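Trainee: Structure file upload15.pdb (PDB, C-alpha atoms) right here:
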```
ATOM      1  CA  MET A  31     114.250 -82.206  42.678
ATOM      2  CA  SER A  32     114.284 -79.495  45.305
ATOM      3  CA  SER A  33     111.297 -79.030  47.604
ATOM      4  CA  ARG A  34     110.072 -76.118  49.677
ATOM      5  CA  LEU A  35     110.705 -76.467  53.406
ATOM      6  CA  ASN A  36     108.575 -74.918  56.111
ATOM      7  CA  GLY A  37     111.491 -74.301  58.438
ATOM      8  CA  LEU A  38     115.064 -75.200  59.293
ATOM      9  CA  SER A  39     113.759 -77.480  62.070
ATOM     10  CA  GLU A  40     112.619 -79.969  59.397
ATOM     11  CA  ILE A  41     116.188 -80.850  58.488
ATOM     12  CA  ALA A  42     118.272 -79.520  61.412
ATOM     13  CA  PRO A  43     118.668 -82.913  63.148
ATOM     14  CA  ARG A  44     120.600 -84.210  60.109
ATOM     15  CA  TYR A  45     123.488 -81.807  60.656
ATOM     16  CA  LYS A  46     126.108 -81.052  63.301
ATOM     17  CA  GLY A  47     127.182 -77.753  61.789
ATOM     18  CA  ILE A  48     125.921 -74.924  59.586
ATOM     19  CA  LEU A  49     127.856 -72.587  57.317
ATOM     20  CA  SER A  50     125.497 -69.665  56.788
ATOM     21  CA  ASP A  51     125.803 -66.750  54.430
ATOM     22  CA  ILE A  52     125.112 -63.377  56.037
ATOM     23  CA  TRP A  53     123.963 -60.730  53.550
ATOM     24  CA  GLY A  54     120.677 -61.899  52.039
ATOM     25  CA  VAL A  55     120.121 -64.544  54.706
ATOM     26  CA  VAL A  56     120.716 -62.898  58.094
ATOM     27  CA  HIS A  57     120.291 -59.251  57.050
ATOM     28  CA  ASN A  58     119.959 -57.065  53.960
ATOM     29  CA  GLY A  59     122.626 -54.541  54.889
ATOM     30  CA  VAL A  60     120.100 -52.348  56.671
ATOM     31  CA  THR A  61     117.687 -54.562  58.593
ATOM     32  CA  PRO A  62     118.277 -57.859  60.419
ATOM     33  CA  PHE A  63     116.029 -60.778  59.527
ATOM     34  CA  THR A  64     114.765 -61.718  62.973
ATOM     35  CA  GLY A  65     113.427 -65.069  61.793
ATOM     36  CA  ALA A  66     116.868 -66.077  60.540
ATOM     37  CA  VAL A  67     118.608 -64.924  63.704
ATOM     38  CA  ASP A  68     116.080 -66.901  65.731
ATOM     39  CA  ALA A  69     116.559 -69.999  63.557
ATOM     40  CA  LEU A  70     120.335 -70.014  63.951
ATOM     41  CA  THR A  71     120.033 -69.344  67.685
ATOM     42  CA  ARG A  72     117.630 -72.259  68.121
ATOM     43  CA  TYR A  73     119.887 -74.507  66.087
ATOM     44  CA  ARG A  74     122.784 -73.699  68.420
ATOM     45  CA  GLU A  75     120.569 -74.292  71.444
ATOM     46  CA  SER A  76     119.856 -77.767  70.070
ATOM     47  CA  GLY A  77     123.594 -78.520  70.064
ATOM     48  CA  GLY A  78     124.580 -77.524  66.535
ATOM     49  CA  LYS A  79     127.437 -75.208  65.652
ATOM     50  CA  VAL A  80     127.150 -72.188  63.340
ATOM     51  CA  VAL A  81     129.881 -70.414  61.419
ATOM     52  CA  LEU A  82     128.903 -67.399  59.341
ATOM     53  CA  ILE A  83     130.699 -67.342  55.995
ATOM     54  CA  THR A  84     130.600 -64.150  53.972
ATOM     55  CA  ASN A  85     132.162 -62.555  50.922
ATOM     56  CA  ALA A  86     132.618 -59.272  52.800
ATOM     57  CA  PRO A  87     135.975 -57.761  51.756
ATOM     58  CA  ARG A  88     136.932 -56.842  55.321
ATOM     59  CA  PRO A  89     138.398 -58.827  58.231
ATOM     60  CA  SER A  90     136.115 -60.658  60.630
ATOM     61  CA  ALA A  91     136.309 -58.211  63.545
ATOM     62  CA  PRO A  92     134.597 -55.214  61.867
ATOM     63  CA  ILE A  93     131.962 -57.510  60.361
ATOM     64  CA  ALA A  94     131.197 -58.907  63.818
ATOM     65  CA  ALA A  95     130.869 -55.322  65.090
ATOM     66  CA  GLN A  96     128.528 -54.498  62.200
ATOM     67  CA  LEU A  97     126.366 -57.510  63.027
ATOM     68  CA  GLU A  98     126.137 -56.387  66.641
ATOM     69  CA  GLN A  99     125.031 -52.919  65.536
ATOM     70  CA  LEU A 100     122.356 -54.449  63.311
ATOM     71  CA  GLY A 101     121.037 -56.542  66.179
ATOM     72  CA  VAL A 102     122.551 -59.883  65.199
ATOM     73  CA  GLY A 103     123.947 -61.130  68.512
ATOM     74  CA  ARG A 104     126.591 -63.724  69.273
ATOM     75  CA  ASP A 105     123.930 -66.157  70.484
ATOM     76  CA  SER A 106     123.225 -66.904  66.825
ATOM     77  CA  TYR A 107     126.708 -67.979  65.748
ATOM     78  CA  ASP A 108     129.946 -69.478  67.039
ATOM     79  CA  ASP A 109     132.424 -67.904  64.635
ATOM     80  CA  LEU A 110     132.742 -65.818  61.501
ATOM     81  CA  VAL A 111     134.934 -66.145  58.403
ATOM     82  CA  THR A 112     135.144 -63.475  55.703
ATOM     83  CA  SER A 113     136.650 -63.286  52.259
ATOM     84  CA  GLY A 114     138.619 -60.377  53.714
ATOM     85  CA  ASP A 115     140.383 -62.849  56.002
ATOM     86  CA  ILE A 116     141.276 -64.987  52.999
ATOM     87  CA  THR A 117     142.354 -61.940  50.982
ATOM     88  CA  ARG A 118     144.858 -60.929  53.642
ATOM     89  CA  LYS A 119     146.492 -64.341  53.522
ATOM     90  CA  MET A 120     146.577 -64.305  49.727
ATOM     91  CA  LEU A 121     148.228 -60.879  49.732
ATOM     92  CA  VAL A 122     150.928 -62.016  52.146
ATOM     93  CA  ASP A 123     151.498 -65.256  50.247
ATOM     94  CA  SER A 124     151.891 -63.351  46.951
ATOM     95  CA  GLY A 125     155.153 -61.810  48.112
ATOM     96  CA  LYS A 126     154.260 -58.566  46.314
ATOM     97  CA  THR A 127     154.333 -55.272  48.183
ATOM     98  CA  LYS A 128     153.100 -52.600  45.738
ATOM     99  CA  LEU A 129     149.330 -52.803  45.585
ATOM    100  CA  TYR A 130     146.674 -50.892  43.673
ATOM    101  CA  HIS A 131     143.466 -50.745  45.703
ATOM    102  CA  LEU A 132     140.337 -50.795  43.567
ATOM    103  CA  GLY A 133     137.444 -50.072  45.886
ATOM    104  CA  PRO A 134     136.014 -47.655  48.446
ATOM    105  CA  GLU A 135     138.062 -46.096  51.231
ATOM    106  CA  ARG A 136     135.975 -47.902  53.849
ATOM    107  CA  ASP A 137     137.776 -51.131  52.877
ATOM    108  CA  LEU A 138     141.299 -49.812  53.524
ATOM    109  CA  PRO A 139     141.516 -51.455  56.993
ATOM    110  CA  LEU A 140     141.775 -54.711  55.026
ATOM    111  CA  TYR A 141     145.495 -53.978  54.599
ATOM    112  CA  ASP A 142     146.331 -52.944  58.167
ATOM    113  CA  GLY A 143     149.501 -54.549  59.449
ATOM    114  CA  LEU A 144     150.440 -56.283  56.198
ATOM    115  CA  GLY A 145     153.366 -54.011  55.326
ATOM    116  CA  LEU A 146     152.025 -53.193  51.863
ATOM    117  CA  SER A 147     152.432 -49.978  49.907
ATOM    118  CA  LEU A 148     149.219 -48.716  48.308
ATOM    119  CA  VAL A 149     150.309 -47.100  45.055
ATOM    120  CA  ALA A 150     148.905 -45.675  41.839
ATOM    121  CA  GLN A 151     148.019 -48.180  39.134
ATOM    122  CA  GLU A 152     151.149 -47.272  37.121
ATOM    123  CA  GLU A 153     153.422 -48.458  39.965
ATOM    124  CA  ALA A 154     151.441 -51.500  41.066
ATOM    125  CA  GLU A 155     152.563 -55.129  41.051
ATOM    126  CA  MET A 156     149.104 -56.419  41.933
ATOM    127  CA  ILE A 157     145.488 -55.269  42.158
ATOM    128  CA  CYS A 158     143.115 -55.919  45.026
ATOM    129  CA  CYS A 159     139.502 -55.254  44.107
ATOM    130  CA  THR A 160     137.079 -54.820  46.999
ATOM    131  CA  GLY A 161     134.290 -53.154  45.028
ATOM    132  CA  LEU A 162     133.335 -49.987  43.192
ATOM    133  CA  PHE A 163     134.642 -46.655  44.425
ATOM    134  CA  ASP A 164     131.051 -45.444  44.856
ATOM    135  CA  ASP A 165     128.533 -48.266  44.623
ATOM    136  CA  THR A 166     125.618 -45.875  45.184
ATOM    137  CA  LYS A 167     126.165 -44.150  41.823
ATOM    138  CA  GLU A 168     128.497 -46.204  39.647
ATOM    139  CA  THR A 169     128.118 -49.367  37.564
ATOM    140  CA  PRO A 170     130.731 -51.661  35.983
ATOM    141  CA  ASP A 171     130.331 -49.695  32.739
ATOM    142  CA  ASP A 172     132.180 -46.827  34.432
ATOM    143  CA  TYR A 173     135.259 -49.027  34.814
ATOM    144  CA  ASP A 174     135.726 -50.366  31.286
ATOM    145  CA  ASP A 175     138.713 -48.184  30.357
ATOM    146  CA  LEU A 176     140.442 -48.747  33.684
ATOM    147  CA  LEU A 177     139.960 -52.521  33.579
ATOM    148  CA  LYS A 178     141.138 -52.736  29.972
ATOM    149  CA  ASN A 179     144.327 -50.839  30.823
ATOM    150  CA  LEU A 180     145.018 -52.952  33.900
ATOM    151  CA  ALA A 181     144.454 -56.161  31.940
ATOM    152  CA  LYS A 182     146.918 -55.004  29.253
ATOM    153  CA  ARG A 183     149.573 -54.625  31.938
ATOM    154  CA  GLN A 184     148.975 -58.269  32.939
ATOM    155  CA  LEU A 185     148.656 -57.371  36.602
ATOM    156  CA  PRO A 186     147.103 -60.162  38.696
ATOM    157  CA  MET A 187     143.937 -59.223  40.564
ATOM    158  CA  ILE A 188     142.702 -60.579  43.878
ATOM    159  CA  CYS A 189     138.929 -60.258  44.029
ATOM    160  CA  ALA A 190     138.147 -59.749  47.704
ATOM    161  CA  ASN A 191     134.392 -60.151  47.187
ATOM    162  CA  PRO A 192     133.324 -62.539  44.394
ATOM    163  CA  ASP A 193     129.675 -61.459  44.725
ATOM    164  CA  ARG A 194     128.493 -59.640  41.608
ATOM    165  CA  VAL A 195     125.525 -57.925  43.240
ATOM    166  CA  VAL A 196     124.022 -57.642  46.688
ATOM    167  CA  ASP A 197     120.677 -56.354  47.923
ATOM    168  CA  ARG A 198     121.209 -53.301  50.152
ATOM    169  CA  GLY A 199     117.803 -52.642  51.627
ATOM    170  CA  ASN A 200     115.647 -52.918  48.521
ATOM    171  CA  THR A 201     118.320 -51.819  46.052
ATOM    172  CA  LEU A 202     120.689 -54.077  44.112
ATOM    173  CA  ILE A 203     124.232 -52.732  44.086
ATOM    174  CA  TYR A 204     127.289 -53.989  42.245
ATOM    175  CA  CYS A 205     130.136 -55.721  44.070
ATOM    176  CA  ALA A 206     133.769 -56.554  43.295
ATOM    177  CA  GLY A 207     132.836 -59.736  41.436
ATOM    178  CA  SER A 208     131.169 -57.685  38.716
ATOM    179  CA  LEU A 209     134.449 -55.852  38.061
ATOM    180  CA  ALA A 210     136.525 -59.019  38.283
ATOM    181  CA  GLY A 211     134.293 -60.629  35.667
ATOM    182  CA  ARG A 212     134.932 -57.786  33.228
ATOM    183  CA  PHE A 213     138.641 -57.817  34.013
ATOM    184  CA  GLU A 214     138.734 -61.506  33.057
ATOM    185  CA  ALA A 215     136.776 -60.805  29.871
ATOM    186  CA  TYR A 216     139.522 -58.358  28.877
ATOM    187  CA  GLY A 217     142.176 -61.041  29.438
ATOM    188  CA  GLY A 218     143.053 -60.303  33.052
ATOM    189  CA  GLU A 219     143.980 -62.951  35.624
ATOM    190  CA  THR A 220     141.895 -63.058  38.803
ATOM    191  CA  MET A 221     142.101 -64.977  42.059
ATOM    192  CA  GLN A 222     138.855 -65.273  43.992
ATOM    193  CA  ALA A 223     139.196 -64.945  47.762
ATOM    194  CA  GLY A 224     135.675 -65.983  48.773
ATOM    195  CA  LYS A 225     132.802 -68.264  47.889
ATOM    196  CA  PRO A 226     132.548 -70.425  45.823
ATOM    197  CA  GLU A 227     136.289 -71.214  46.033
ATOM    198  CA  ALA A 228     137.810 -73.740  48.418
ATOM    199  CA  ALA A 229     139.984 -71.514  50.625
ATOM    200  CA  ILE A 230     137.124 -69.810  52.457
ATOM    201  CA  TYR A 231     135.362 -73.134  53.019
ATOM    202  CA  ASP A 232     138.528 -74.679  54.403
ATOM    203  CA  ALA A 233     138.805 -71.819  56.885
ATOM    204  CA  ALA A 234     135.111 -72.021  57.789
ATOM    205  CA  ARG A 235     135.258 -75.777  58.308
ATOM    206  CA  ALA A 236     138.291 -75.334  60.554
ATOM    207  CA  ALA A 237     136.273 -72.820  62.600
ATOM    208  CA  LEU A 238     133.383 -75.304  62.823
ATOM    209  CA  ASP A 239     135.734 -78.035  64.028
ATOM    210  CA  LYS A 240     137.155 -75.695  66.657
ATOM    211  CA  ALA A 241     133.681 -74.769  67.887
ATOM    212  CA  ALA A 242     132.667 -78.431  68.049
ATOM    213  CA  GLY A 243     135.884 -79.593  69.680
ATOM    214  CA  SER A 244     136.314 -82.279  67.036
ATOM    215  CA  ALA A 245     136.244 -82.697  63.266
ATOM    216  CA  ILE A 246     132.841 -82.492  61.593
ATOM    217  CA  ASP A 247     132.447 -84.536  58.436
ATOM    218  CA  LYS A 248     131.242 -82.773  55.284
ATOM    219  CA  ALA A 249     128.178 -85.001  55.279
ATOM    220  CA  ASP A 250     127.179 -83.444  58.601
ATOM    221  CA  ILE A 251     127.401 -79.827  57.402
ATOM    222  CA  LEU A 252     124.668 -77.682  55.846
ATOM    223  CA  ALA A 253     125.471 -74.567  53.799
ATOM    224  CA  ILE A 254     122.782 -71.859  53.680
ATOM    225  CA  GLY A 255     122.731 -69.044  51.149
ATOM    226  CA  ASP A 256     120.764 -66.901  48.718
ATOM    227  CA  SER A 257     123.260 -66.748  45.828
ATOM    228  CA  VAL A 258     123.336 -69.507  43.236
ATOM    229  CA  PRO A 259     126.775 -68.592  41.773
ATOM    230  CA  THR A 260     128.520 -68.308  45.153
ATOM    231  CA  ASP A 261     126.605 -70.050  47.974
ATOM    232  CA  LEU A 262     125.043 -72.942  46.084
ATOM    233  CA  ARG A 263     127.952 -73.330  43.689
ATOM    234  CA  GLY A 264     130.291 -73.382  46.679
ATOM    235  CA  GLY A 265     128.273 -76.123  48.326
ATOM    236  CA  HIS A 266     128.352 -78.051  45.046
ATOM    237  CA  TYR A 267     132.114 -77.705  44.691
ATOM    238  CA  GLN A 268     132.704 -78.709  48.315
ATOM    239  CA  LYS A 269     130.169 -81.561  48.281
ATOM    240  CA  ILE A 270     128.266 -79.958  51.162
ATOM    241  CA  ASP A 271     124.456 -80.003  51.331
ATOM    242  CA  ALA A 272     122.931 -76.618  50.571
ATOM    243  CA  LEU A 273     119.715 -74.834  51.540
ATOM    244  CA  PHE A 274     118.562 -72.113  49.123
ATOM    245  CA  ILE A 275     117.014 -68.895  50.468
ATOM    246  CA  THR A 276     115.003 -67.573  47.518
ATOM    247  CA  SER A 277     114.097 -64.066  48.737
ATOM    248  CA  GLY A 278     117.667 -62.786  48.340
ATOM    249  CA  ILE A 279     119.355 -61.502  45.192
ATOM    250  CA  HIS A 280     117.374 -63.801  42.872
ATOM    251  CA  ALA A 281     113.954 -62.988  44.352
ATOM    252  CA  GLN A 282     112.597 -61.221  41.256
ATOM    253  CA  MET A 283     113.096 -64.372  39.204
ATOM    254  CA  PHE A 284     110.640 -66.406  41.252
ATOM    255  CA  GLY A 285     107.525 -64.216  41.534
ATOM    256  CA  ASP A 286     106.126 -63.380  44.959
ATOM    257  CA  PRO A 287     109.085 -63.314  47.399
ATOM    258  CA  ASP A 288     106.948 -64.960  50.071
ATOM    259  CA  ALA A 289     105.491 -67.560  47.704
ATOM    260  CA  PRO A 290     108.162 -68.372  45.099
ATOM    261  CA  ASP A 291     107.036 -70.284  42.037
ATOM    262  CA  HIS A 292     108.388 -73.813  42.402
ATOM    263  CA  GLU A 293     108.916 -74.384  38.687
ATOM    264  CA  ARG A 294     110.925 -71.171  38.358
ATOM    265  CA  VAL A 295     113.087 -72.092  41.327
ATOM    266  CA  GLN A 296     113.727 -75.575  39.979
ATOM    267  CA  HIS A 297     114.479 -74.220  36.511
ATOM    268  CA  ARG A 298     117.162 -71.915  37.909
ATOM    269  CA  LEU A 299     118.748 -74.737  39.895
ATOM    270  CA  ASP A 300     118.685 -77.045  36.881
ATOM    271  CA  HIS A 301     120.150 -74.333  34.657
ATOM    272  CA  GLU A 302     123.062 -73.840  37.064
ATOM    273  CA  ASP A 303     123.450 -77.611  37.590
ATOM    274  CA  VAL A 304     123.387 -77.371  41.383
ATOM    275  CA  GLU A 305     121.431 -79.394  43.898
ATOM    276  CA  THR A 306     119.873 -78.436  47.200
ATOM    277  CA  VAL A 307     118.226 -80.218  50.099
ATOM    278  CA  GLY A 308     115.403 -77.720  49.725
ATOM    279  CA  TYR A 309     114.538 -74.052  49.555
ATOM    280  CA  MET A 310     112.770 -71.506  51.732
ATOM    281  CA  PRO A 311     111.688 -67.933  50.970
ATOM    282  CA  ARG A 312     113.380 -66.809  54.192
ATOM    283  CA  LEU A 313     115.326 -68.644  56.834
ATOM    284  CA  ILE A 314     113.064 -69.457  59.781
ATOM    285  CA  TRP A 315     113.027 -72.184  62.392
TER     286      TRP A 315
END
```
Can I see the file as structure tokens?
Mentor:
Amino acid sequence: MSSRLNGLSEIAPRYKGILSDIWGVVHNGVTPFTGAVDALTRYRESGGKVVLITNAPRPSAPIAAQLEQLGVGRDSYDDLVTSGDITRKMLVDSGKTKLYHLGPERDLPLYDGLGLSLVAQEEAEMICCTGLFDDTKETPDDYDDLLKNLAKRQLPMICANPDRVVDRGNTLIYCAGSLAGRFEAYGGETMQAGKPEAAIYDAARAALDKAAGSAIDKADILAIGDSVPTDLRGGHYQKIDALFITSGIHAQMFGDPDAPDHERVQHRLDHEDVETVGYMPRLIW
């Protein structure tokens, strides 16, 4: 059974390192959550290490710059690992050079320096999906014909952001994971670059070890996130304790965002067959 915690300080002494999600925990894409930034900063001041782990389909450097612009300073984390970082490695390891980019132009820096040719779908050897072309207007329904045609060609797809939705301000928008899910339903083959798969956790744990100066055991790591399918499922797969932030993408399921209904929260966790060390509406110290 999961229980509501009053603050991270209740369980912080159990752990040497934290792997924290960003979007939905630290900010909502528009506004930083000052309580969360403060909590992670205080945890580091107490001697713990923090690595931010995100399904953003861009390399770490621009995400760090975005955090700075939003007011999330480096005092709150030691390092940052993105699904974009993992995607770049997967693209290189594939050995394929002709790539169809499915996503907005803002994600094109993902391919810088990789020696790839971005081509039309008819010429492609592989697809990299970073999201919808215009996530302010479109939905996955707009992509049915395209995804069906790509699946028929048996082109492999790398999903650079396994999230299906994210809360931008107060609006839910669709992410690459929603398109990858449909692509699979039409018979396509996908490779997930981010949470909940192992590769991004391996990279994040390596960053934690580097920050600590020695290896940190899984039992001494806490994962924090607001997404059951990615953050909590990832913790479950990796056998890492997880803390659930309920005011993120699932908030409407639990009633009042500041006073989530315990039975609803527990029902969702039981339905997904994941366990947590507790839940909080928002991350605070």
Trainee: Compile the contact shell of A:Ala245 as a list of chain:residue names: residues with an atom at most 12 Å away, counting all atoms listed in the file, same-chain residues fewer than 4 positions apart removed.
Mentor: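 Counting all atoms listed in the file, the residues come to A:Lys46, A:Gly47, A:Lys79, A:Arg235, A:Ala236, A:Ala237, A:Leu238, A:Asp239, A:Lys240, A:Ala241, A:Ala249, A:Asp250, A:Ile251.
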Trainee: Using C-alpha atoms, can you export the residues from the last selection as a compact mmCIF listing (two decimals), keeping the file's coordinate frame?
Mentor:
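part_16.txt written:
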```txt
# COMPACT_ATOMS: atom_id res chain seq x y z
CA LYS A 46 126.11 -81.05 63.30
CA GLY A 47 127.18 -77.75 61.79
CA LYS A 79 127.44 -75.21 65.65
CA ARG A 235 135.26 -75.78 58.31
CA ALA A 236 138.29 -75.33 60.55
CA ALA A 237 136.27 -72.82 62.60
CA LEU A 238 133.38 -75.30 62.82
CA ASP A 239 135.73 -78.04 64.03
CA LYS A 240 137.16 -75.69 66.66
CA ALA A 241 133.68 -74.77 67.89
CA ALA A 249 128.18 -85.00 55.28
CA ASP A 250 127.18 -83.44 58.60
CA ILE A 251 127.40 -79.83 57.40
```
Trainee: From the set A:Gly218, A:Gly278, A:Glu98, A:Glu135, which residue has the shortest atom-to-atom contact distance to A:Ile157, counting all atoms listed in the file?
Mentor: A:Gly218
Trainee: What's the 8 Å shell around A:Ile203, counting all atoms listed in the file, without same-chain residues fewer than 4 positions away, as a PyMOL selection string?
Mentor: chain A and resi 165-166+195-198
Trainee: Pick out the closest residue to A:Ala206 from this set: A:Gln184, A:Ser32, A:Thr306, A:Ser113. Count all atoms listed in the file.
Mentor: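 Closest to A:Ala206 of all the choices is A:Ser113.
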Trainee: Write out as a ChimeraX atom specification which residues come within 12 Å of A:Cys158 when counting only C-alpha atoms, dropping same-chain ones fewer than 5 positions away.
Mentor: /A:87,114,117-118,120-121,124,126-134,137-138,140-141,146,148-149,151,180,185-192,206-207,209-210,219-223
Trainee: Which of these, A:Met310, A:Met156, A:Val67, A:Leu202, has the shortest distance to A:Phe284 once you count all atoms listed in the file?
Mentor: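 Nearest candidate to A:Phe284 out of A:Met310, A:Met156, A:Val67, A:Leu202: A:Met310.
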Trainee: Determine the residue membership of the PyMOL selection byres ((chain A and resi 76) around 12) for the file above and supply it as a VMD selection string.
Mentor: chain A and resid 39 42 to 47 69 to 75 77 to 80 106 315
Trainee: Run the PyMOL selection byres ((chain A and resi 83) around 10) on the file and write out the hits as a PyMOL selection string.
Mentor: chain A and resi 48-53+80-82+84-86+90+109-113+224-225+230-231+233-235+253-255+261
Trainee: So, with only C-alpha atoms as the atoms that count, which of A:Gly37, A:Pro92, A:Pro311, A:Gly264 lies closest to A:Gln282?
Mentor: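 Smallest separation from A:Gln282 among the options: A:Pro311.
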Trainee: When the PyMOL selection byres ((chain A and resi 305) around 12) is applied to the file above, which residues end up in the set, as a PyMOL selection string?
Mentor: chain A and resi 31-33+253+258+261-267+269-274+295-304+306-309
Trainee: As a PDB file, keeping the file's coordinate frame, please: stretch 47-72 of chain A completed to N, CA and C atoms.
Mentor:
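Written output follows (selection_17.pdb):
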```pdb
ATOM      1  N   GLY A  47     126.671 -79.106  61.971  1.00  0.00           N
ATOM      2  CA  GLY A  47     127.182 -77.753  61.789  1.00  0.00           C
ATOM      3  C   GLY A  47     126.559 -77.072  60.593  1.00  0.00           C
ATOM      4  N   ILE A  48     126.471 -75.741  60.669  1.00  0.00           N
ATOM      5  CA  ILE A  48     125.921 -74.924  59.586  1.00  0.00           C
ATOM      6  C   ILE A  48     126.951 -73.876  59.184  1.00  0.00           C
ATOM      7  N   LEU A  49     127.105 -73.702  57.880  1.00  0.00           N
ATOM      8  CA  LEU A  49     127.856 -72.587  57.317  1.00  0.00           C
ATOM      9  C   LEU A  49     126.834 -71.670  56.654  1.00  0.00           C
ATOM     10  N   SER A  50     126.555 -70.547  57.283  1.00  0.00           N
ATOM     11  CA  SER A  50     125.497 -69.665  56.788  1.00  0.00           C
ATOM     12  C   SER A  50     126.050 -68.386  56.190  1.00  0.00           C
ATOM     13  N   ASP A  51     125.555 -68.058  55.015  1.00  0.00           N
ATOM     14  CA  ASP A  51     125.803 -66.750  54.430  1.00  0.00           C
ATOM     15  C   ASP A  51     125.187 -65.698  55.353  1.00  0.00           C
ATOM     16  N   ILE A  52     125.625 -64.461  55.193  1.00  0.00           N
ATOM     17  CA  ILE A  52     125.112 -63.377  56.037  1.00  0.00           C
ATOM     18  C   ILE A  52     124.169 -62.468  55.253  1.00  0.00           C
ATOM     19  N   TRP A  53     124.739 -61.724  54.294  1.00  0.00           N
ATOM     20  CA  TRP A  53     123.963 -60.730  53.550  1.00  0.00           C
ATOM     21  C   TRP A  53     122.995 -61.440  52.610  1.00  0.00           C
ATOM     22  N   GLY A  54     121.703 -61.217  52.819  1.00  0.00           N
ATOM     23  CA  GLY A  54     120.677 -61.899  52.039  1.00  0.00           C
ATOM     24  C   GLY A  54     120.022 -63.029  52.799  1.00  0.00           C
ATOM     25  N   VAL A  55     120.674 -63.475  53.873  1.00  0.00           N
ATOM     26  CA  VAL A  55     120.121 -64.544  54.706  1.00  0.00           C
ATOM     27  C   VAL A  55     119.834 -64.032  56.117  1.00  0.00           C
ATOM     28  N   VAL A  56     120.829 -63.374  56.716  1.00  0.00           N
ATOM     29  CA  VAL A  56     120.716 -62.898  58.094  1.00  0.00           C
ATOM     30  C   VAL A  56     120.308 -61.424  58.159  1.00  0.00           C
ATOM     31  N   HIS A  57     120.701 -60.651  57.146  1.00  0.00           N
ATOM     32  CA  HIS A  57     120.291 -59.251  57.050  1.00  0.00           C
ATOM     33  C   HIS A  57     120.382 -58.806  55.598  1.00  0.00           C
ATOM     34  N   ASN A  58     119.895 -57.603  55.326  1.00  0.00           N
ATOM     35  CA  ASN A  58     119.959 -57.065  53.960  1.00  0.00           C
ATOM     36  C   ASN A  58     120.846 -55.826  53.875  1.00  0.00           C
ATOM     37  N   GLY A  59     121.744 -55.695  54.850  1.00  0.00           N
ATOM     38  CA  GLY A  59     122.626 -54.541  54.889  1.00  0.00           C
ATOM     39  C   GLY A  59     122.063 -53.380  55.665  1.00  0.00           C
ATOM     40  N   VAL A  60     120.771 -53.416  55.936  1.00  0.00           N
ATOM     41  CA  VAL A  60     120.100 -52.348  56.671  1.00  0.00           C
ATOM     42  C   VAL A  60     119.316 -52.903  57.856  1.00  0.00           C
ATOM     43  N   THR A  61     118.599 -53.988  57.600  1.00  0.00           N
ATOM     44  CA  THR A  61     117.687 -54.562  58.593  1.00  0.00           C
ATOM     45  C   THR A  61     118.025 -56.027  58.862  1.00  0.00           C
ATOM     46  N   PRO A  62     118.074 -56.440  60.122  1.00  0.00           N
ATOM     47  CA  PRO A  62     118.277 -57.859  60.419  1.00  0.00           C
ATOM     48  C   PRO A  62     117.012 -58.649  60.127  1.00  0.00           C
ATOM     49  N   PHE A  63     117.168 -59.882  59.726  1.00  0.00           N
ATOM     50  CA  PHE A  63     116.029 -60.778  59.527  1.00  0.00           C
ATOM     51  C   PHE A  63     115.857 -61.572  60.824  1.00  0.00           C
ATOM     52  N   THR A  64     114.904 -61.145  61.627  1.00  0.00           N
ATOM     53  CA  THR A  64     114.765 -61.718  62.973  1.00  0.00           C
ATOM     54  C   THR A  64     114.463 -63.209  62.933  1.00  0.00           C
ATOM     55  N   GLY A  65     113.727 -63.648  61.906  1.00  0.00           N
ATOM     56  CA  GLY A  65     113.427 -65.069  61.793  1.00  0.00           C
ATOM     57  C   GLY A  65     114.675 -65.890  61.580  1.00  0.00           C
ATOM     58  N   ALA A  66     115.613 -65.374  60.797  1.00  0.00           N
ATOM     59  CA  ALA A  66     116.868 -66.077  60.540  1.00  0.00           C
ATOM     60  C   ALA A  66     117.743 -66.109  61.781  1.00  0.00           C
ATOM     61  N   VAL A  67     117.819 -64.974  62.469  1.00  0.00           N
ATOM     62  CA  VAL A  67     118.608 -64.924  63.704  1.00  0.00           C
ATOM     63  C   VAL A  67     118.053 -65.911  64.721  1.00  0.00           C
ATOM     64  N   ASP A  68     116.729 -65.958  64.820  1.00  0.00           N
ATOM     65  CA  ASP A  68     116.080 -66.901  65.731  1.00  0.00           C
ATOM     66  C   ASP A  68     116.367 -68.348  65.335  1.00  0.00           C
ATOM     67  N   ALA A  69     116.334 -68.633  64.034  1.00  0.00           N
ATOM     68  CA  ALA A  69     116.559 -69.999  63.557  1.00  0.00           C
ATOM     69  C   ALA A  69     117.969 -70.476  63.893  1.00  0.00           C
ATOM     70  N   LEU A  70     118.950 -69.626  63.661  1.00  0.00           N
ATOM     71  CA  LEU A  70     120.335 -70.014  63.951  1.00  0.00           C
ATOM     72  C   LEU A  70     120.553 -70.144  65.461  1.00  0.00           C
ATOM     73  N   THR A  71     119.922 -69.264  66.226  1.00  0.00           N
ATOM     74  CA  THR A  71     120.033 -69.344  67.685  1.00  0.00           C
ATOM     75  C   THR A  71     119.440 -70.648  68.201  1.00  0.00           C
ATOM     76  N   ARG A  72     118.269 -71.006  67.684  1.00  0.00           N
ATOM     77  CA  ARG A  72     117.630 -72.259  68.121  1.00  0.00           C
ATOM     78  C   ARG A  72     118.450 -73.470  67.699  1.00  0.00           C
TER      79      ARG A  72
END
```
